[in-house]
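Containing PDB, C-alpha atoms: final03.pdb.
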```pdb
ATOM      1  CA  MET A   1      56.027 140.784  85.668
ATOM      2  CA  ASP A   2      54.418 142.915  88.345
ATOM      3  CA  CYS A   3      55.174 146.481  87.234
ATOM      4  CA  GLY A   4      51.900 148.275  87.907
ATOM      5  CA  VAL A   5      50.093 150.529  85.433
ATOM      6  CA  GLY A   6      52.959 152.925  84.645
ATOM      7  CA  TYR A   7      54.462 150.845  81.840
ATOM      8  CA  ASN A   8      51.221 150.348  79.902
ATOM      9  CA  THR A   9      50.387 154.046  80.090
ATOM     10  CA  ALA A  10      53.869 154.994  78.924
ATOM     11  CA  MET A  11      53.762 152.642  75.952
ATOM     12  CA  ARG A  12      50.392 154.015  74.852
ATOM     13  CA  ARG A  13      52.023 157.443  74.731
ATOM     14  CA  VAL A  14      54.885 156.075  72.625
ATOM     15  CA  ALA A  15      52.359 154.574  70.179
ATOM     16  CA  LEU A  16      50.571 157.926  69.989
ATOM     17  CA  LEU A  17      53.824 159.676  69.064
ATOM     18  CA  GLY A  18      54.284 157.229  66.202
ATOM     19  CA  ALA A  19      50.733 157.832  64.976
ATOM     20  CA  LEU A  20      51.453 161.555  64.922
ATOM     21  CA  GLY A  21      54.345 160.940  62.520
ATOM     22  CA  LEU A  22      57.119 162.202  64.799
ATOM     23  CA  THR A  23      60.751 161.377  64.075
ATOM     24  CA  ALA A  24      62.380 158.083  64.971
ATOM     25  CA  ALA A  25      64.698 159.907  67.393
ATOM     26  CA  VAL A  26      61.785 161.384  69.325
ATOM     27  CA  ILE A  27      60.020 158.025  69.429
ATOM     28  CA  ALA A  28      63.204 156.304  70.627
ATOM     29  CA  ALA A  29      63.591 158.864  73.412
ATOM     30  CA  ALA A  30      59.980 158.318  74.436
ATOM     31  CA  ALA A  31      60.500 154.536  74.432
ATOM     32  CA  ALA A  32      63.501 154.940  76.724
ATOM     33  CA  TRP A  33      61.362 157.035  79.050
ATOM     34  CA  ALA A  34      58.715 154.298  78.987
ATOM     35  CA  ASP A  35      61.309 151.720  80.019
ATOM     36  CA  SER A  36      62.388 153.885  82.962
ATOM     37  CA  ALA A  37      58.756 154.425  83.968
ATOM     38  CA  ALA A  38      58.334 150.651  84.209
ATOM     39  CA  VAL A  39      61.072 150.311  86.854
ATOM     40  CA  ASN A  40      59.932 150.315  90.470
ATOM     41  CA  ARG A  41      61.904 152.723  92.652
ATOM     42  CA  PRO A  42      61.695 152.036  96.399
ATOM     43  CA  LEU A  43      63.120 154.102  99.209
ATOM     44  CA  LEU A  44      66.552 152.733 100.097
ATOM     45  CA  GLY A  45      67.907 152.567 103.607
ATOM     46  CA  VAL A  46      70.482 151.029 105.902
ATOM     47  CA  ALA A  47      70.924 149.859 109.464
ATOM     48  CA  GLY A  48      74.226 151.217 110.715
ATOM     49  CA  LYS A  49      76.464 154.039 109.627
ATOM     50  CA  ALA A  50      74.852 155.641 106.592
ATOM     51  CA  GLU A  51      77.911 157.685 105.614
ATOM     52  CA  ARG A  52      80.125 154.616 105.691
ATOM     53  CA  PHE A  53      77.594 152.767 103.544
ATOM     54  CA  LYS A  54      77.537 155.674 101.106
ATOM     55  CA  ARG A  55      81.326 155.470 100.720
ATOM     56  CA  HIS A  56      81.005 151.793  99.850
ATOM     57  CA  THR A  57      77.942 151.926  97.583
ATOM     58  CA  GLY A  58      77.230 155.524  96.609
ATOM     59  CA  GLN A  59      73.783 155.195  98.202
ATOM     60  CA  THR A  60      72.169 158.171  99.887
ATOM     61  CA  SER A  61      70.068 156.372 102.496
ATOM     62  CA  THR A  62      66.634 157.913 102.873
ATOM     63  CA  VAL A  63      65.594 155.349 105.485
ATOM     64  CA  ARG A  64      67.659 155.007 108.683
ATOM     65  CA  HIS A  65      66.984 151.789 110.566
ATOM     66  CA  ILE A  66      67.565 151.061 114.273
ATOM     67  CA  PHE A  67      66.499 148.424 116.809
ATOM     68  CA  LEU A  68      65.013 149.374 120.172
ATOM     69  CA  GLY A  69      64.366 147.238 123.211
ATOM     70  CA  TRP A  70      61.239 147.579 125.299
ATOM     71  CA  GLU A  71      60.946 151.013 126.954
ATOM     72  CA  GLN A  72      64.065 152.239 125.132
ATOM     73  CA  GLY A  73      63.654 155.876 124.265
ATOM     74  CA  ARG A  74      61.288 156.406 127.191
ATOM     75  CA  SER A  75      62.857 155.077 130.386
ATOM     76  CA  TRP A  76      66.352 154.089 129.224
ATOM     77  CA  GLY A  77      68.786 154.948 126.464
ATOM     78  CA  SER A  78      68.653 158.096 124.366
ATOM     79  CA  PRO A  79      65.218 159.774 124.548
ATOM     80  CA  PHE A  80      62.790 159.506 121.645
ATOM     81  CA  PRO A  81      63.297 163.092 120.338
ATOM     82  CA  ALA A  82      67.063 162.572 120.007
ATOM     83  CA  LEU A  83      66.619 159.145 118.419
ATOM     84  CA  LEU A  84      64.128 160.350 115.829
ATOM     85  CA  ALA A  85      66.140 163.446 114.957
ATOM     86  CA  ALA A  86      69.204 161.271 114.271
ATOM     87  CA  LEU A  87      67.209 159.019 111.933
ATOM     88  CA  ARG A  88      66.016 161.614 109.449
ATOM     89  CA  PRO A  89      64.873 161.791 106.709
ATOM     90  CA  VAL A  90      62.748 158.663 107.339
ATOM     91  CA  PRO A  91      63.215 156.599 110.519
ATOM     92  CA  MET A  92      62.577 152.866 110.568
ATOM     93  CA  ILE A  93      62.340 151.580 114.134
ATOM     94  CA  HIS A  94      62.159 147.977 115.218
ATOM     95  CA  ILE A  95      60.545 147.433 118.631
ATOM     96  CA  GLY A  96      61.465 144.279 120.550
ATOM     97  CA  THR A  97      60.676 142.983 124.030
ATOM     98  CA  ASP A  98      64.235 142.853 125.383
ATOM     99  CA  ARG A  99      65.642 145.396 127.793
ATOM    100  CA  GLY A 100      69.151 146.572 128.596
ATOM    101  CA  ARG A 101      72.576 145.301 127.622
ATOM    102  CA  GLU A 102      71.830 141.901 129.135
ATOM    103  CA  ARG A 103      68.833 141.553 126.809
ATOM    104  CA  ARG A 104      66.424 140.157 129.363
ATOM    105  CA  GLU A 105      62.772 139.781 128.427
ATOM    106  CA  ALA A 106      60.863 142.804 129.690
ATOM    107  CA  ILE A 107      57.312 141.874 128.625
ATOM    108  CA  THR A 108      55.512 139.003 126.917
ATOM    109  CA  PRO A 109      53.136 139.225 123.943
ATOM    110  CA  ALA A 110      50.267 138.377 126.299
ATOM    111  CA  GLY A 111      51.380 141.196 128.603
ATOM    112  CA  ILE A 112      51.259 143.656 125.715
ATOM    113  CA  ALA A 113      47.816 142.376 124.679
ATOM    114  CA  ASP A 114      46.568 142.804 128.250
ATOM    115  CA  GLY A 115      47.687 146.443 128.335
ATOM    116  CA  ARG A 116      50.732 146.083 130.586
ATOM    117  CA  GLY A 117      52.885 147.850 128.000
ATOM    118  CA  ASP A 118      50.505 150.707 127.250
ATOM    119  CA  GLY A 119      52.706 153.360 128.854
ATOM    120  CA  TYR A 120      55.465 152.734 126.348
ATOM    121  CA  LEU A 121      53.142 152.466 123.352
ATOM    122  CA  ILE A 122      51.323 155.684 124.312
ATOM    123  CA  ALA A 123      54.637 157.513 124.742
ATOM    124  CA  LEU A 124      55.722 156.333 121.287
ATOM    125  CA  ASN A 125      52.371 157.387 119.806
ATOM    126  CA  GLN A 126      52.881 160.895 121.179
ATOM    127  CA  GLU A 127      56.455 161.154 119.923
ATOM    128  CA  ILE A 128      55.430 160.040 116.438
ATOM    129  CA  ALA A 129      52.827 162.826 116.420
ATOM    130  CA  ARG A 130      55.410 165.386 117.560
ATOM    131  CA  PHE A 131      57.886 164.204 114.935
ATOM    132  CA  GLY A 132      55.290 165.038 112.287
ATOM    133  CA  SER A 133      57.049 163.322 109.364
ATOM    134  CA  PRO A 134      56.716 159.853 107.844
ATOM    135  CA  LEU A 135      58.296 156.916 109.625
ATOM    136  CA  TYR A 136      58.121 153.125 109.789
ATOM    137  CA  ILE A 137      57.571 150.958 112.860
ATOM    138  CA  ARG A 138      58.486 147.275 112.741
ATOM    139  CA  PHE A 139      56.703 145.788 115.737
ATOM    140  CA  LEU A 140      58.066 142.467 117.049
ATOM    141  CA  ALA A 141      59.429 141.435 113.660
ATOM    142  CA  GLU A 142      60.670 137.918 112.917
ATOM    143  CA  MET A 143      58.170 136.538 115.396
ATOM    144  CA  ASN A 144      58.720 133.092 113.841
ATOM    145  CA  ASN A 145      62.430 133.222 114.719
ATOM    146  CA  PRO A 146      63.124 131.337 117.994
ATOM    147  CA  LYS A 147      66.015 133.693 118.732
ATOM    148  CA  ASN A 148      63.460 136.363 119.634
ATOM    149  CA  PHE A 149      61.868 136.368 123.090
ATOM    150  CA  TYR A 150      58.397 136.817 121.631
ATOM    151  CA  SER A 151      58.600 133.670 119.505
ATOM    152  CA  PRO A 152      56.348 130.782 120.630
ATOM    153  CA  VAL A 153      59.357 128.449 121.030
ATOM    154  CA  ASP A 154      62.949 128.867 122.171
ATOM    155  CA  THR A 155      66.015 127.857 120.199
ATOM    156  CA  SER A 156      65.800 124.284 121.520
ATOM    157  CA  GLY A 157      62.217 123.977 120.254
ATOM    158  CA  ARG A 158      60.581 124.121 123.703
ATOM    159  CA  SER A 159      57.306 126.002 123.985
ATOM    160  CA  ARG A 160      57.384 129.310 125.825
ATOM    161  CA  GLY A 161      53.760 128.799 126.819
ATOM    162  CA  ALA A 162      50.452 130.498 126.130
ATOM    163  CA  SER A 163      51.869 133.961 126.893
ATOM    164  CA  HIS A 164      54.005 133.611 123.741
ATOM    165  CA  SER A 165      51.545 131.810 121.477
ATOM    166  CA  ALA A 166      50.711 132.944 117.959
ATOM    167  CA  ALA A 167      47.283 133.998 119.248
ATOM    168  CA  ALA A 168      48.905 136.145 121.954
ATOM    169  CA  TYR A 169      51.159 137.690 119.332
ATOM    170  CA  ARG A 170      48.216 138.585 117.103
ATOM    171  CA  ARG A 171      46.412 140.264 120.022
ATOM    172  CA  ALA A 172      49.554 142.164 120.990
ATOM    173  CA  PHE A 173      50.139 143.366 117.441
ATOM    174  CA  ARG A 174      46.557 144.586 117.070
ATOM    175  CA  ARG A 175      46.734 146.513 120.332
ATOM    176  CA  ALA A 176      50.043 148.112 119.393
ATOM    177  CA  TYR A 177      48.727 149.024 115.939
ATOM    178  CA  VAL A 178      45.637 150.725 117.367
ATOM    179  CA  ILE A 179      47.519 152.666 120.042
ATOM    180  CA  LEU A 180      50.353 153.780 117.767
ATOM    181  CA  HIS A 181      47.926 155.118 115.159
ATOM    182  CA  GLY A 182      45.974 156.816 117.941
ATOM    183  CA  GLY A 183      42.751 158.805 117.797
ATOM    184  CA  ASP A 184      39.681 157.289 119.481
ATOM    185  CA  VAL A 185      41.495 154.081 120.329
ATOM    186  CA  ASP A 186      39.056 152.864 122.993
ATOM    187  CA  ALA A 187      36.291 152.098 120.512
ATOM    188  CA  ARG A 188      38.622 149.925 118.470
ATOM    189  CA  LEU A 189      40.060 148.205 121.527
ATOM    190  CA  ARG A 190      36.597 147.386 122.879
ATOM    191  CA  ALA A 191      35.669 145.928 119.496
ATOM    192  CA  LEU A 192      38.683 143.645 119.897
ATOM    193  CA  GLY A 193      37.578 142.636 123.385
ATOM    194  CA  GLN A 194      40.581 144.423 124.867
ATOM    195  CA  ARG A 195      40.914 146.815 127.765
ATOM    196  CA  PRO A 196      40.547 150.507 126.820
ATOM    197  CA  VAL A 197      43.224 153.042 127.669
ATOM    198  CA  GLY A 198      40.678 155.620 128.835
ATOM    199  CA  ARG A 199      41.850 158.576 126.766
ATOM    200  CA  LEU A 200      42.067 160.025 123.285
ATOM    201  CA  LEU A 201      45.496 159.857 121.695
ATOM    202  CA  PRO A 202      47.109 161.940 118.969
ATOM    203  CA  ALA A 203      46.150 160.621 115.542
ATOM    204  CA  ASN A 204      48.974 159.264 113.400
ATOM    205  CA  PRO A 205      47.406 158.548 109.998
ATOM    206  CA  VAL A 206      48.890 156.064 107.561
ATOM    207  CA  ASP A 207      50.563 158.796 105.502
ATOM    208  CA  ARG A 208      52.673 159.542 108.600
ATOM    209  CA  LEU A 209      53.026 156.172 110.315
ATOM    210  CA  THR A 210      53.498 152.848 108.526
ATOM    211  CA  VAL A 211      53.279 149.797 110.812
ATOM    212  CA  ILE A 212      55.084 146.820 109.277
ATOM    213  CA  TRP A 213      54.214 143.184 109.979
ATOM    214  CA  ASN A 214      57.404 141.273 109.293
ATOM    215  CA  PRO A 215      58.056 137.534 109.582
ATOM    216  CA  ILE A 216      61.224 136.012 108.166
ATOM    217  CA  ALA A 217      59.772 134.138 105.218
ATOM    218  CA  GLY A 218      62.743 131.801 104.810
ATOM    219  CA  LEU A 219      61.848 130.041 108.057
ATOM    220  CA  ASP A 220      58.628 128.901 106.367
ATOM    221  CA  SER A 221      60.259 127.778 103.133
ATOM    222  CA  GLY A 222      57.821 125.942 100.890
ATOM    223  CA  SER A 223      54.788 127.723 102.348
ATOM    224  CA  ARG A 224      52.648 129.780  99.989
ATOM    225  CA  ARG A 225      51.750 132.075 102.912
ATOM    226  CA  PRO A 226      54.780 132.376 105.225
ATOM    227  CA  GLY A 227      54.132 133.346 108.829
ATOM    228  CA  GLN A 228      50.356 133.383 108.427
ATOM    229  CA  ARG A 229      49.507 132.025 111.871
ATOM    230  CA  PHE A 230      50.908 135.297 113.214
ATOM    231  CA  TYR A 231      49.059 137.566 110.789
ATOM    232  CA  PRO A 232      46.829 140.023 112.730
ATOM    233  CA  GLY A 233      44.535 140.802 109.772
ATOM    234  CA  ASP A 234      44.542 143.372 106.988
ATOM    235  CA  GLY A 235      42.920 145.989 109.208
ATOM    236  CA  PHE A 236      45.959 146.011 111.516
ATOM    237  CA  VAL A 237      48.814 145.977 108.995
ATOM    238  CA  ASP A 238      49.982 148.891 106.838
ATOM    239  CA  MET A 239      52.833 147.061 105.120
ATOM    240  CA  VAL A 240      54.152 143.505 104.908
ATOM    241  CA  GLY A 241      57.901 143.009 105.262
ATOM    242  CA  ASN A 242      60.502 140.283 104.986
ATOM    243  CA  ASP A 243      64.138 139.768 106.006
ATOM    244  CA  ILE A 244      66.421 137.876 103.624
ATOM    245  CA  TYR A 245      70.121 137.053 103.929
ATOM    246  CA  ALA A 246      72.791 135.090 102.083
ATOM    247  CA  SER A 247      75.344 133.176 104.146
ATOM    248  CA  SER A 248      76.715 131.019 101.319
ATOM    249  CA  VAL A 249      77.130 131.726  97.621
ATOM    250  CA  GLY A 250      74.080 130.866  95.555
ATOM    251  CA  HIS A 251      71.796 130.080  98.492
ATOM    252  CA  ALA A 252      69.055 132.426  99.759
ATOM    253  CA  SER A 253      65.317 132.224 100.392
ATOM    254  CA  HIS A 254      64.196 134.060  97.242
ATOM    255  CA  ALA A 255      61.224 131.731  96.662
ATOM    256  CA  ALA A 256      59.939 132.389 100.190
ATOM    257  CA  ASN A 257      60.357 136.129  99.678
ATOM    258  CA  GLU A 258      58.264 135.896  96.505
ATOM    259  CA  ALA A 259      55.644 133.783  98.286
ATOM    260  CA  LEU A 260      55.233 136.366 101.053
ATOM    261  CA  TYR A 261      54.933 139.173  98.509
ATOM    262  CA  ARG A 262      52.205 137.326  96.623
ATOM    263  CA  ALA A 263      50.360 136.281  99.790
ATOM    264  CA  HIS A 264      49.274 139.889 100.485
ATOM    265  CA  PRO A 265      48.363 141.458  97.132
ATOM    266  CA  ARG A 266      46.627 144.454  98.730
ATOM    267  CA  LYS A 267      49.544 145.468 100.927
ATOM    268  CA  PRO A 268      52.702 147.479 100.198
ATOM    269  CA  TYR A 269      55.875 145.477 100.722
ATOM    270  CA  ALA A 270      59.282 146.014 102.301
ATOM    271  CA  ILE A 271      62.532 144.127 102.393
ATOM    272  CA  ALA A 272      63.194 145.539 105.826
ATOM    273  CA  GLU A 273      66.468 143.696 106.375
ATOM    274  CA  TRP A 274      68.729 142.145 103.794
ATOM    275  CA  GLY A 275      72.395 141.423 103.464
ATOM    276  CA  THR A 276      75.115 138.978 102.540
ATOM    277  CA  SER A 277      77.950 137.636 104.663
ATOM    278  CA  VAL A 278      79.718 136.280 101.569
ATOM    279  CA  ASP A 279      80.919 138.029  98.421
ATOM    280  CA  ASP A 280      77.936 136.990  96.307
ATOM    281  CA  PRO A 281      77.051 139.481  93.546
ATOM    282  CA  GLY A 282      74.368 137.086  92.300
ATOM    283  CA  PHE A 283      72.396 137.542  95.523
ATOM    284  CA  ILE A 284      72.570 141.319  95.121
ATOM    285  CA  ARG A 285      71.363 141.114  91.526
ATOM    286  CA  VAL A 286      68.380 138.882  92.359
ATOM    287  CA  ILE A 287      67.285 141.298  95.101
ATOM    288  CA  CYS A 288      67.796 144.199  92.691
ATOM    289  CA  SER A 289      65.591 142.509  90.083
ATOM    290  CA  PHE A 290      62.898 141.966  92.729
ATOM    291  CA  LEU A 291      63.013 145.625  93.748
ATOM    292  CA  LYS A 292      62.770 146.762  90.144
ATOM    293  CA  THR A 293      59.877 144.553  89.105
ATOM    294  CA  ARG A 294      57.645 144.225  92.180
ATOM    295  CA  ALA A 295      55.663 147.444  92.100
ATOM    296  CA  ARG A 296      54.302 147.189  95.655
ATOM    297  CA  THR A 297      57.825 147.154  97.134
ATOM    298  CA  ARG A 298      58.215 150.558  98.756
ATOM    299  CA  VAL A 299      61.377 150.241 100.875
ATOM    300  CA  ALA A 300      64.541 148.145 101.140
ATOM    301  CA  ALA A 301      67.022 148.586 103.993
ATOM    302  CA  TYR A 302      70.420 146.886 103.923
ATOM    303  CA  TYR A 303      71.836 145.387 107.120
ATOM    304  CA  SER A 304      74.331 146.656 107.993
ATOM    305  CA  ALA A 305      76.967 149.323 107.619
ATOM    306  CA  GLY A 306      78.463 148.621 111.025
ATOM    307  CA  ALA A 307      81.037 146.073 112.166
ATOM    308  CA  SER A 308      79.207 142.903 111.170
ATOM    309  CA  PRO A 309      79.576 139.927 108.803
ATOM    310  CA  TRP A 310      77.130 141.674 106.457
ATOM    311  CA  LEU A 311      79.343 144.696 105.792
ATOM    312  CA  LEU A 312      79.833 145.255 102.047
ATOM    313  CA  GLY A 313      83.174 147.024 102.400
ATOM    314  CA  ASP A 314      85.131 143.744 102.368
ATOM    315  CA  LYS A 315      83.093 142.151  99.549
ATOM    316  CA  PRO A 316      84.263 143.828  96.320
ATOM    317  CA  ARG A 317      82.089 141.922  93.836
ATOM    318  CA  ALA A 318      78.903 142.228  95.885
ATOM    319  CA  ARG A 319      79.676 145.879  96.587
ATOM    320  CA  ALA A 320      80.142 146.586  92.879
ATOM    321  CA  ALA A 321      76.849 144.842  92.054
ATOM    322  CA  TYR A 322      75.060 146.920  94.693
ATOM    323  CA  ARG A 323      76.571 150.158  93.416
ATOM    324  CA  SER A 324      75.676 149.460  89.791
ATOM    325  CA  CYS A 325      72.210 147.931  90.265
ATOM    326  CA  VAL A 326      70.609 148.850  93.585
ATOM    327  CA  THR A 327      71.924 152.348  94.263
ATOM    328  CA  PRO A 328      70.466 153.875  91.052
ATOM    329  CA  LEU A 329      66.990 152.625  92.036
ATOM    330  CA  GLY A 330      66.664 154.822  95.099
ATOM    331  CA  ALA A 331      63.570 157.004  95.252
ATOM    332  CA  ARG A 332      63.540 160.395  96.946
TER
END
```
Encoding of this model in structure tokens:
Amino acid sequence: MDCGVGYNTAMRRVALLGALGLTAAVIAAAAAWADSAAVNRPLLGVAGKAERFKRHTGQTSTVRHIFLGWEQGRSWGSPFPALLAALRPVPMIHIGTDRGRERREAITPAGIADGRGDGYLIALNQEIARFGSPLYIRFLAEMNNPKNFYSPVDTSGRSRGASHSAAAYRRAFRRAYVILHGGDVDARLRALGQRPVGRLLPANPVDRLTVIWNPIAGLDSGSRRPGQRFYPGDGFVDMVGNDIYASSVGHASHAANEALYRAHPRKPYAIAEWGTSVDDPGFIRVICSFLKTRARTRVAAYYSAGASPWLLGDKPRARAAYRSCVTPLGAR
């Protein structure tokens, strides 16, 4: 069981109380505290209407999750300041390459790597600095999902060409990571063999900005290292994430989720999207057990509290399991 150092330290304190001859009641209370210290407590969040989700589950969602298309927040849609203000306390923002209601592809991974998307990334860097509080960025998540424009293949399995290759994705992710974190970005970009931006940018250190690399591990079921051909390297990832869903009772990619967690032992972990379209309390309980016992798991955001098949409001058994097991875990 991966519970970190808290449990061992707590139990040593319980043993010390016994050695001091304190009463059984005091020792029992200390043991109960030790048990609670062993439980991992991630930040909990939701994509969708947080107040509606609270009515269903009792969860106060610290993390508010939204999905932005390319240039959204800068040249179309609500501007960044309004978006970020609405996502407090802790925004989680997914950035994709689609644009507008028609969801056309606005830029390729190779285009991002070549600097053709720098204006948007620089604008986001500056807004993160102005926001001044912690937030998460999921950049081109589920890159191994053909439904996304930035995947190497389309839904029929046809290649989208070199501009969408895994190598192009890795270059794009590294460039975005460097620019979003800011500072003297040109030195790092030159070291990568990439074009400099020609200016200093506001610095967004890792205690303010967490950039999440996020495949969907279930699409690489059976792999000990899901999504690894897309991995940009430890120096360009702040947190590893996964998305996991249940669409039939008793079936979900839990083994792949565990494999991805274990593949990056030096990185914090997120279940950035999870949900069930069926009334499966067992799925909720397995995720809850993972959150409790995997000490590097820092955040879990349910999808969603809007009008979708994943809504918990019409799934009484799953909703009850969430309320009793997941909701009490939430960190502040």
Surrounding residues of stretch 240-245 of chain A excluding itself and chain neighbours under 6 positions, 7 Å, only C-alpha atoms, as a VMD selection string: chain A and resid 212 to 217 252 to 253 257 267 to 276
Expected answer as a VMD selection string: all residues with atoms within 10 Å of (52.5, 136.5, 125.8), all atoms listed in the file: chain A and resid 107 to 114 149 to 152 160 to 172
Hits of the PyMOL selection byres ((chain A and resi 192) around 12) in this structure, as a ChimeraX atom specification: /A:113-114,170-175,178,185-191,193-196,232,235-236
Convert the current residue selection to file output with C-alpha atoms, as a short mmCIF file (atom, residue, chain, number, x, y, z; two decimals), keeping the file's coordinate frame.
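Saved result, result.cif, follows:
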```
data_model
loop_
_atom_site.label_atom_id
_atom_site.label_comp_id
_atom_site.auth_asym_id
_atom_site.auth_seq_id
_atom_site.Cartn_x
_atom_site.Cartn_y
_atom_site.Cartn_z
CA ALA A 113 47.82 142.38 124.68
CA ASP A 114 46.57 142.80 128.25
CA ARG A 170 48.22 138.58 117.10
CA ARG A 171 46.41 140.26 120.02
CA ALA A 172 49.55 142.16 120.99
CA PHE A 173 50.14 143.37 117.44
CA ARG A 174 46.56 144.59 117.07
CA ARG A 175 46.73 146.51 120.33
CA VAL A 178 45.64 150.72 117.37
CA VAL A 185 41.50 154.08 120.33
CA ASP A 186 39.06 152.86 122.99
CA ALA A 187 36.29 152.10 120.51
CA ARG A 188 38.62 149.93 118.47
CA LEU A 189 40.06 148.21 121.53
CA ARG A 190 36.60 147.39 122.88
CA ALA A 191 35.67 145.93 119.50
CA GLY A 193 37.58 142.64 123.38
CA GLN A 194 40.58 144.42 124.87
CA ARG A 195 40.91 146.82 127.76
CA PRO A 196 40.55 150.51 126.82
CA PRO A 232 46.83 140.02 112.73
CA GLY A 235 42.92 145.99 109.21
CA PHE A 236 45.96 146.01 111.52
#
```
Counting all atoms listed in the file, the residue of A:Ser277, A:Pro202, A:Trp76, A:His264 that sits nearest A:Ala307: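 Of A:Ser277, A:Pro202, A:Trp76, A:His264, the one nearest A:Ala307, counting all atoms listed in the file, is A:Ser277.
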Point-to-point distance from atom CA of A:Gly183 to atom CA of A:Ala203, Å rounded to tenths: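 Here the two named atoms are 4.5 Å from each other.
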Between atom CA of A:Leu312 and atom CA of A:Phe283 - distance in Å to one decimal: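 Going from atom CA of A:Phe283 over to atom CA of A:Leu312 covers 12.5 Å.
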Expected selection from the PyMOL selection byres ((chain A and resi 87) around 12), given as number ranges by chain: A: 45-50, 61-67, 80-86, 88-93, 131, 133-136
Interatomic distance (Å, one decimal) between atom CA of A:Ser159 and atom CA of A:Ala255: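 Answer for the atom CA of A:Ser159 to atom CA of A:Ala255 separation: 28.2 Å.
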Who sits within 6 Å of A:Val299, all atoms listed in the file, same chain under 6 positions skipped, as a PyMOL selection string: chain A and resi 42-44+270
The PyMOL selection byres ((chain A and resi 199) around 8) applied to the shown file, residues as an MDAnalysis selection string: chainID A and resid 184:186 197:198 200:201
Nearest to A:Leu260, chosen from A:Arg224, A:Arg104, A:Lys54, A:Lys292, with only C-alpha atoms counted in the distances: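 Ranking A:Arg224, A:Arg104, A:Lys54, A:Lys292 by distance to A:Leu260, first place goes to A:Arg224.
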Residue list as a ChimeraX atom specification for point (81.5, 140.2, 91.9), cut-off 6 Å, only C-alpha atoms: /A:281,317-318
If I wrap all listed atoms of stretch 292-297 of chain A in a box with edges along x, y and z and add 3 Å on each side, what are its centre and edge lengths in Å to one decimal, as lines of an AutoDock Vina configuration file?
```
center_x = 58.5
center_y = 145.8
center_z = 93.1
size_x = 14.5
size_y = 9.2
size_z = 14.0
```
Residue contacts of A:Asp98 (10 Å, all atoms listed in the file) excluding same-chain residues fewer than 3 positions away, as a list in words: Leu68, Gly69, Trp70, Glu71, Gln72, Ile95, Arg101, Glu102, Arg103, Arg104, Glu105, Ala106, Ile107, Thr108, Asn148, Phe149 and Tyr150 of chain A
A:His254, A:Arg296, A:Val326, A:Tyr261 ranked by distance to A:Ile284, top pick (using all atoms listed in the file):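 Comparing A:His254, A:Arg296, A:Val326, A:Tyr261 against A:Ile284, the winner is A:Val326.
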Nearest candidate to A:Ala123 (options A:Pro265, A:Pro79, A:Pro146, A:Gly222; using all atoms listed in the file): A:Pro79
A:Gln59, A:Ser304, A:Ser75, A:Asn40 ranked by distance to A:Arg323, top pick (using all atoms listed in the file):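 Answer, going by the shortest atom-to-atom distance: A:Gln59.
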Best match for closeness to A:Thr210 among A:Val39, A:Gly119, A:His94, A:Thr293, counting all atoms listed in the file: A:His94
Would you mind writing stretch 200-208 of chain A with N, CA, C and O atoms, as a PDB file, in the coordinates of the input?
```pdb
ATOM      1  N   LEU A 200      41.776 159.798 124.695  1.00  0.00           N
ATOM      2  CA  LEU A 200      42.067 160.025 123.285  1.00  0.00           C
ATOM      3  C   LEU A 200      43.576 160.177 123.112  1.00  0.00           C
ATOM      4  O   LEU A 200      44.264 160.719 123.991  1.00  0.00           O
ATOM      5  N   LEU A 201      44.070 159.741 121.988  1.00  0.00           N
ATOM      6  CA  LEU A 201      45.496 159.857 121.695  1.00  0.00           C
ATOM      7  C   LEU A 201      45.687 160.647 120.405  1.00  0.00           C
ATOM      8  O   LEU A 201      44.789 160.710 119.559  1.00  0.00           O
ATOM      9  N   PRO A 202      46.845 161.259 120.243  1.00  0.00           N
ATOM     10  CA  PRO A 202      47.109 161.940 118.969  1.00  0.00           C
ATOM     11  C   PRO A 202      46.946 160.978 117.798  1.00  0.00           C
ATOM     12  O   PRO A 202      47.330 159.805 117.885  1.00  0.00           O
ATOM     13  N   ALA A 203      46.369 161.465 116.718  1.00  0.00           N
ATOM     14  CA  ALA A 203      46.150 160.621 115.542  1.00  0.00           C
ATOM     15  C   ALA A 203      47.391 160.627 114.659  1.00  0.00           C
ATOM     16  O   ALA A 203      47.924 161.695 114.323  1.00  0.00           O
ATOM     17  N   ASN A 204      47.859 159.434 114.324  1.00  0.00           N
ATOM     18  CA  ASN A 204      48.974 159.264 113.400  1.00  0.00           C
ATOM     19  C   ASN A 204      48.465 158.502 112.175  1.00  0.00           C
ATOM     20  O   ASN A 204      48.478 157.272 112.145  1.00  0.00           O
ATOM     21  N   PRO A 205      47.991 159.216 111.169  1.00  0.00           N
ATOM     22  CA  PRO A 205      47.406 158.548 109.998  1.00  0.00           C
ATOM     23  C   PRO A 205      48.463 157.789 109.210  1.00  0.00           C
ATOM     24  O   PRO A 205      49.675 157.960 109.413  1.00  0.00           O
ATOM     25  N   VAL A 206      47.987 156.957 108.276  1.00  0.00           N
ATOM     26  CA  VAL A 206      48.890 156.064 107.561  1.00  0.00           C
ATOM     27  C   VAL A 206      49.858 156.808 106.647  1.00  0.00           C
ATOM     28  O   VAL A 206      50.879 156.238 106.257  1.00  0.00           O
ATOM     29  N   ASP A 207      49.584 158.063 106.296  1.00  0.00           N
ATOM     30  CA  ASP A 207      50.563 158.796 105.502  1.00  0.00           C
ATOM     31  C   ASP A 207      51.705 159.316 106.368  1.00  0.00           C
ATOM     32  O   ASP A 207      52.698 159.828 105.856  1.00  0.00           O
ATOM     33  N   ARG A 208      51.595 159.172 107.689  1.00  0.00           N
ATOM     34  CA  ARG A 208      52.673 159.542 108.600  1.00  0.00           C
ATOM     35  C   ARG A 208      53.326 158.307 109.207  1.00  0.00           C
ATOM     36  O   ARG A 208      54.547 158.215 109.284  1.00  0.00           O
TER      37      ARG A 208
END
```
